[in-house]
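Shown next, in structure tokens, is the structure this report addresses.
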Amino acid sequence: MTTTAPAPTGQAAHTATTAAYRLIPGTTLDDQVLTTRFGELRLKGLTPGVLAALGALTEGDLTEASTSALVVAGDGETGLLRWQMLRSRLDAMGLFEHAVYAEAEAGAETPHGPLLARLAPVGRGSTALKPAPSGPARLTRHALIRPGADGLVLQASGSPLSVQLTAPAAAFLVRLGAWTDEVPAPVLRLLATAGALAAGGPEHDVEAVSRGSVQWNPVDLAFHLRTRVPASAPGYGGTYRYADRFEPLPVAVPPGEGARVPLPVPDLEARAAQEPPLARVLEERTSVREHDDDNPLTLAQLAELLYRTVRIRSIFAGSDGQELADRPVPAGGSLHELDVYPLVSHVEGLEPGLYRYASDRHELELVAPAGPLTAPLVKEIRDASMMSADPQAALLVAARFGRVMWKYETVAYPLILKHVGVLYQSFYLVGTAMGLAVCGLGGGDTTAFAAATGHDPLAEGTVGEFVVGSRPQSPTV
Ligand SMILES: Cc1cc2nc3c(=O)[nH]c(=O)nc-3n(C[C@H](O)[C@H](O)[C@H](O)COP(=O)(O)O)c2cc1C
């Protein structure tokens, strides 16, 4: 099919286009069974013409005219209706890629000019083409663009389809940053099908007024929908996509160079007999942003809080070969990627500095003594908690991302954030039961942590911060 579109300003070439389509790459046809990356599809009673068309579509792009010619050659004109029904079915299952080419130059031997754009399934969703908008079009502000093998790849958040745009189509992409009617309709059809065009028009810009659209930062929305609409992205659950490139990380970090501080083990039986019941702990839980510096938190209290929440109770092997652990706090897949780094300013029996809690050995390891490396961290915690003095201690929660990302793909980072929530509440409850002042924090700067620890922030970075200290008699809450 060849269509003529208005010439984009300064882009006189490629005003006429040719549409074509193919089965998704890697598809094979064998004895009436279509095997795609999504699985096998058994097709019954395929006629010679339909078999020829399907076979050709596993090889590459064809125009509708070429496909129809193959069907007619094998089955006669009457085969066309059956073919169109099958074609619609395969499109609805998301098994096609649709391409738009520039029209062939006059006298050229090729059936079409260079590729302009290609619609391809990324996740699972229909590839049946939607109409191009009748008026001006603009890209949705929730479309993300990244480099691809041949040009740029554009995907709207939550859409299972992406559109590849090649260099000759770059001008269209730029133009679509604002409302325009200077993009060929076949290219717009691909973008509309991929959900990449903004709703409304210049007079009624839905994205500019709808609360749901305005309030979302595009990157946050992409993260949210990628993880909460599993059909929009491949890789839900454990996919082990890099398991053949990297060894799994141990559940417990081996001892480092820093000075080691053994910690007392609390008597949990005695605690169970003395402490208020859970119902009361939950009712009394509150955030306290004031510490009693005349009677500071003690090393034994800090040790107890860590022991009762994040110590490793046992280590065992997962069926996938990754080391797993059991802790008082739960973790998805028993992966336990979180480690706690106590940032100490005023704790009785412990020098100020940044420590790492070795949860398998129940001891602290000094990472950095108090000084220029820890000062920015302390300031950040003090500012976030709006405290008038340095907090006695803060528990910096760091994730060793590779433990989760070795196994999981789209759910990996959300899982880490959920684990932070689980840990916060455990700190809140145990801290309350112990009569401590506790307060979770909502933000932090992983750069200062990277500087203090020397860790690659992509390998291990902070994902949470929690303030702890001794509780004044009558705290202001
Ligand atoms: C995830 C999370 C993030 C928080 N972030 C902060 C923070 O950055 N600064 C702060 O002073 N309090 C923070 N808090 C404490 C809340 O402000 C507090 O829980 C809320 O005001 C209710 O008070 P309550 O904890 O006494 O019930 C946070 C609490 C949670 C659970």
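Within each chain, counting starts at residue 1; across the structure tokens, chains are named A, B, ... in the order shown, with ligands numbered 1 upward in that order.
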
List every residue of stretch 299-417 of chain A that DSSP, applied to the backbone, labels as strand (DSSP E or B), and write the result as number ranges by chain. A: 314-317, 323-326, 338-344, 347-348, 350, 353-358, 363-369, 393-400, 408

Excluding same-chain residues fewer than 5 positions from stretch 432-446 of chain A, what lies within 8 Å of it counting only C-alpha atoms, as a PyMOL selection string? chain A and resi 275-276+281+284-291+380-381+384-385+424+427+457+461-472

Restricted to C-alpha atoms, what would the selected residues look like written as a PDB file, in the first residue's frame?
```pdb
ATOM      1  CA  GLU A 275       7.944  -6.494  76.873  1.00  0.00           C
ATOM      2  CA  PRO A 276       4.477  -5.138  76.148  1.00  0.00           C
ATOM      3  CA  VAL A 281       3.448  -1.926  70.771  1.00  0.00           C
ATOM      4  CA  GLU A 284       2.228   3.043  71.075  1.00  0.00           C
ATOM      5  CA  ARG A 285       4.377   3.177  67.948  1.00  0.00           C
ATOM      6  CA  THR A 286       5.169   6.724  66.975  1.00  0.00           C
ATOM      7  CA  SER A 287       8.023   8.601  65.338  1.00  0.00           C
ATOM      8  CA  VAL A 288      10.273  10.382  67.819  1.00  0.00           C
ATOM      9  CA  ARG A 289      12.747  12.947  66.439  1.00  0.00           C
ATOM     10  CA  GLU A 290      14.364  13.875  69.747  1.00  0.00           C
ATOM     11  CA  HIS A 291      17.072  11.982  71.640  1.00  0.00           C
ATOM     12  CA  GLU A 380      21.698  14.702  55.593  1.00  0.00           C
ATOM     13  CA  ILE A 381      20.017  12.570  58.266  1.00  0.00           C
ATOM     14  CA  ALA A 384      15.718  14.968  56.786  1.00  0.00           C
ATOM     15  CA  SER A 385      14.572  14.258  60.331  1.00  0.00           C
ATOM     16  CA  TYR A 424      11.278   0.043  58.549  1.00  0.00           C
ATOM     17  CA  PHE A 427      12.690  -1.315  63.235  1.00  0.00           C
ATOM     18  CA  PRO A 457      26.709   2.824  43.785  1.00  0.00           C
ATOM     19  CA  GLY A 461      23.696   1.779  47.323  1.00  0.00           C
ATOM     20  CA  THR A 462      21.482   3.140  50.044  1.00  0.00           C
ATOM     21  CA  VAL A 463      17.730   2.705  49.630  1.00  0.00           C
ATOM     22  CA  GLY A 464      16.586   3.757  53.107  1.00  0.00           C
ATOM     23  CA  GLU A 465      17.561   5.628  56.275  1.00  0.00           C
ATOM     24  CA  PHE A 466      16.197   5.161  59.774  1.00  0.00           C
ATOM     25  CA  VAL A 467      16.971   7.263  62.848  1.00  0.00           C
ATOM     26  CA  VAL A 468      17.395   5.669  66.272  1.00  0.00           C
ATOM     27  CA  GLY A 469      18.367   7.010  69.673  1.00  0.00           C
ATOM     28  CA  SER A 470      17.436   7.018  73.344  1.00  0.00           C
ATOM     29  CA  ARG A 471      13.923   8.242  74.020  1.00  0.00           C
ATOM     30  CA  PRO A 472      13.477  11.292  76.262  1.00  0.00           C
TER      31      PRO A 472
END
```

For stretch 65-82 of chain A, list every protein, DNA or RNA residue within 8 Å, evaluated using only C-alpha atoms, and leave out those in the same chain fewer than 5 positions away; present the list as a PyMOL selection string. chain A and resi 1+47-50+52-53

Using DSSP assignments from the backbone, pull out every residue in stretch 280-372 of chain A that falls under alpha helix (DSSP H) and give it to me as a list in words. Arg280, Val281, Leu282, Glu283, Glu284, Leu299, Ala300, Gln301, Leu302, Ala303, Glu304, Leu305, Leu306 and Tyr307 of chain A

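Around stretch 121-133 of chain A, within 6 Å and counting only C-alpha atoms, the residues found are Asp91, Ala92, Met93, Gly94, Gly135, Pro160, Leu161, Ala185, Leu188, Arg189, Thr193, Ala231, Ser232, Ala233 and Pro234 of chain A, once anything fewer than 2 positions away on its own chain is removed.
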
Go ahead and save the picked residues with all heavy atoms, as a short mmCIF file (atom, residue, chain, number, x, y, z; two decimals), in the first residue's frame.
```
data_model
loop_
_atom_site.label_atom_id
_atom_site.label_comp_id
_atom_site.auth_asym_id
_atom_site.auth_seq_id
_atom_site.Cartn_x
_atom_site.Cartn_y
_atom_site.Cartn_z
N ASP A 91 -2.59 -10.82 14.31
CA ASP A 91 -2.34 -9.43 14.71
C ASP A 91 -2.85 -9.20 16.14
O ASP A 91 -2.18 -8.59 16.97
CB ASP A 91 -3.09 -8.49 13.74
CG ASP A 91 -2.17 -7.41 13.17
OD1 ASP A 91 -1.01 -7.33 13.60
OD2 ASP A 91 -2.64 -6.65 12.31
N ALA A 92 -4.06 -9.72 16.40
CA ALA A 92 -4.64 -9.54 17.74
C ALA A 92 -3.78 -10.22 18.80
O ALA A 92 -3.74 -9.80 19.95
CB ALA A 92 -6.07 -10.09 17.77
N MET A 93 -3.08 -11.28 18.39
CA MET A 93 -2.21 -11.98 19.34
C MET A 93 -0.84 -11.31 19.46
O MET A 93 0.01 -11.76 20.22
CB MET A 93 -2.02 -13.43 18.89
CG MET A 93 -3.30 -14.24 18.94
SD MET A 93 -3.06 -15.86 18.18
CE MET A 93 -2.17 -16.67 19.47
N GLY A 94 -0.62 -10.27 18.70
CA GLY A 94 0.65 -9.53 18.78
C GLY A 94 1.80 -10.27 18.15
O GLY A 94 2.93 -10.23 18.64
N GLY A 135 -6.69 14.88 13.24
CA GLY A 135 -6.12 16.23 13.32
C GLY A 135 -4.64 16.17 13.68
O GLY A 135 -3.99 15.14 13.50
N PRO A 160 2.71 -2.43 25.49
CA PRO A 160 3.52 -3.62 25.16
C PRO A 160 4.22 -3.49 23.82
O PRO A 160 4.91 -4.40 23.41
CB PRO A 160 2.46 -4.74 25.11
CG PRO A 160 1.19 -4.07 24.74
CD PRO A 160 1.26 -2.66 25.27
N LEU A 161 4.03 -2.35 23.13
CA LEU A 161 4.60 -2.19 21.79
C LEU A 161 5.59 -1.04 21.77
O LEU A 161 5.41 -0.04 22.46
CB LEU A 161 3.48 -1.89 20.78
CG LEU A 161 2.27 -2.84 20.78
CD1 LEU A 161 1.23 -2.36 19.79
CD2 LEU A 161 2.69 -4.26 20.46
N ALA A 185 0.67 9.77 7.71
CA ALA A 185 -0.32 9.00 8.46
C ALA A 185 0.14 7.58 8.77
O ALA A 185 -0.08 7.09 9.89
CB ALA A 185 -1.64 8.99 7.70
N LEU A 188 2.16 7.74 11.80
CA LEU A 188 1.29 8.05 12.95
C LEU A 188 0.50 6.83 13.39
O LEU A 188 0.24 6.62 14.58
CB LEU A 188 0.32 9.18 12.58
CG LEU A 188 0.94 10.57 12.44
CD1 LEU A 188 -0.13 11.58 12.05
CD2 LEU A 188 1.63 11.00 13.73
N ARG A 189 0.10 5.99 12.41
CA ARG A 189 -0.66 4.78 12.78
C ARG A 189 0.18 3.88 13.69
O ARG A 189 -0.32 3.33 14.67
CB ARG A 189 -1.04 3.98 11.53
CG ARG A 189 -2.09 4.64 10.67
CD ARG A 189 -2.60 3.66 9.62
NE ARG A 189 -3.55 2.73 10.23
CZ ARG A 189 -4.08 1.68 9.60
NH1 ARG A 189 -3.72 1.41 8.36
NH2 ARG A 189 -4.93 0.90 10.22
N THR A 193 -0.85 3.08 17.50
CA THR A 193 -1.03 1.69 17.95
C THR A 193 -0.18 1.41 19.18
O THR A 193 -0.58 0.67 20.08
CB THR A 193 -0.67 0.72 16.80
OG1 THR A 193 -1.41 1.11 15.64
CG2 THR A 193 -1.01 -0.71 17.16
N ALA A 231 2.30 -7.37 31.16
CA ALA A 231 2.24 -7.59 29.71
C ALA A 231 3.05 -6.56 28.93
O ALA A 231 3.36 -6.76 27.76
CB ALA A 231 0.79 -7.56 29.24
N SER A 232 3.39 -5.42 29.58
CA SER A 232 4.08 -4.36 28.84
C SER A 232 5.59 -4.57 28.76
O SER A 232 6.28 -3.83 28.06
CB SER A 232 3.78 -2.99 29.46
OG SER A 232 4.46 -2.85 30.69
N ALA A 233 6.10 -5.53 29.48
CA ALA A 233 7.56 -5.74 29.45
C ALA A 233 7.85 -7.22 29.65
O ALA A 233 7.20 -7.88 30.45
CB ALA A 233 8.23 -4.93 30.55
N PRO A 234 8.83 -7.73 28.94
CA PRO A 234 9.19 -9.13 29.19
C PRO A 234 9.97 -9.21 30.50
O PRO A 234 10.52 -8.22 30.95
CB PRO A 234 10.07 -9.49 28.00
CG PRO A 234 10.64 -8.18 27.53
CD PRO A 234 9.69 -7.10 27.93
#
```

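The protein and nucleic acid residues lying at most 8 Å from stretch 296-304 of chain A are Leu263, Pro264, Val265, Pro266, His291, His346, Val347, Glu348, Gly349, Leu350, His362, Gln392, Gly469 and Ser470 of chain A, with only C-alpha atoms considered and sequence neighbours fewer than 5 positions away removed.
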
Limited to N, CA and C atoms, could you put the picked residues into a file as a PDB file, in the first residue's frame?
```pdb
ATOM      1  N   LEU A 263      29.419  -7.868  69.271  1.00  0.00           N
ATOM      2  CA  LEU A 263      28.194  -7.330  69.865  1.00  0.00           C
ATOM      3  C   LEU A 263      27.601  -8.331  70.852  1.00  0.00           C
ATOM      4  N   PRO A 264      27.017  -7.815  71.952  1.00  0.00           N
ATOM      5  CA  PRO A 264      26.348  -8.717  72.889  1.00  0.00           C
ATOM      6  C   PRO A 264      25.081  -9.294  72.259  1.00  0.00           C
ATOM      7  N   VAL A 265      24.754 -10.514  72.671  1.00  0.00           N
ATOM      8  CA  VAL A 265      23.543 -11.170  72.172  1.00  0.00           C
ATOM      9  C   VAL A 265      22.429 -10.974  73.199  1.00  0.00           C
ATOM     10  N   PRO A 266      21.297 -10.433  72.789  1.00  0.00           N
ATOM     11  CA  PRO A 266      20.231 -10.197  73.763  1.00  0.00           C
ATOM     12  C   PRO A 266      19.573 -11.509  74.201  1.00  0.00           C
ATOM     13  N   HIS A 291      16.345  13.003  70.896  1.00  0.00           N
ATOM     14  CA  HIS A 291      17.072  11.982  71.640  1.00  0.00           C
ATOM     15  C   HIS A 291      17.517  12.534  72.997  1.00  0.00           C
ATOM     16  N   HIS A 346      26.539   9.333  68.577  1.00  0.00           N
ATOM     17  CA  HIS A 346      26.563   9.406  70.044  1.00  0.00           C
ATOM     18  C   HIS A 346      25.931   8.131  70.614  1.00  0.00           C
ATOM     19  N   VAL A 347      26.737   7.087  70.693  1.00  0.00           N
ATOM     20  CA  VAL A 347      26.258   5.807  71.240  1.00  0.00           C
ATOM     21  C   VAL A 347      27.246   5.377  72.313  1.00  0.00           C
ATOM     22  N   GLU A 348      26.733   5.114  73.492  1.00  0.00           N
ATOM     23  CA  GLU A 348      27.620   4.742  74.608  1.00  0.00           C
ATOM     24  C   GLU A 348      28.300   3.409  74.307  1.00  0.00           C
ATOM     25  N   GLY A 349      29.633   3.408  74.377  1.00  0.00           N
ATOM     26  CA  GLY A 349      30.385   2.167  74.164  1.00  0.00           C
ATOM     27  C   GLY A 349      30.831   1.977  72.723  1.00  0.00           C
ATOM     28  N   LEU A 350      30.585   2.976  71.860  1.00  0.00           N
ATOM     29  CA  LEU A 350      30.961   2.829  70.448  1.00  0.00           C
ATOM     30  C   LEU A 350      31.496   4.156  69.919  1.00  0.00           C
ATOM     31  N   HIS A 362      26.948 -11.238  63.608  1.00  0.00           N
ATOM     32  CA  HIS A 362      26.473 -10.325  64.650  1.00  0.00           C
ATOM     33  C   HIS A 362      27.632  -9.509  65.231  1.00  0.00           C
ATOM     34  N   GLN A 392      21.576  10.386  67.432  1.00  0.00           N
ATOM     35  CA  GLN A 392      22.587   9.520  68.067  1.00  0.00           C
ATOM     36  C   GLN A 392      23.071   8.447  67.094  1.00  0.00           C
ATOM     37  N   GLY A 469      17.650   6.428  68.537  1.00  0.00           N
ATOM     38  CA  GLY A 469      18.367   7.010  69.673  1.00  0.00           C
ATOM     39  C   GLY A 469      17.624   6.679  70.963  1.00  0.00           C
ATOM     40  N   SER A 470      18.141   7.244  72.071  1.00  0.00           N
ATOM     41  CA  SER A 470      17.436   7.018  73.344  1.00  0.00           C
ATOM     42  C   SER A 470      16.227   7.945  73.388  1.00  0.00           C
TER      43      SER A 470
END
```
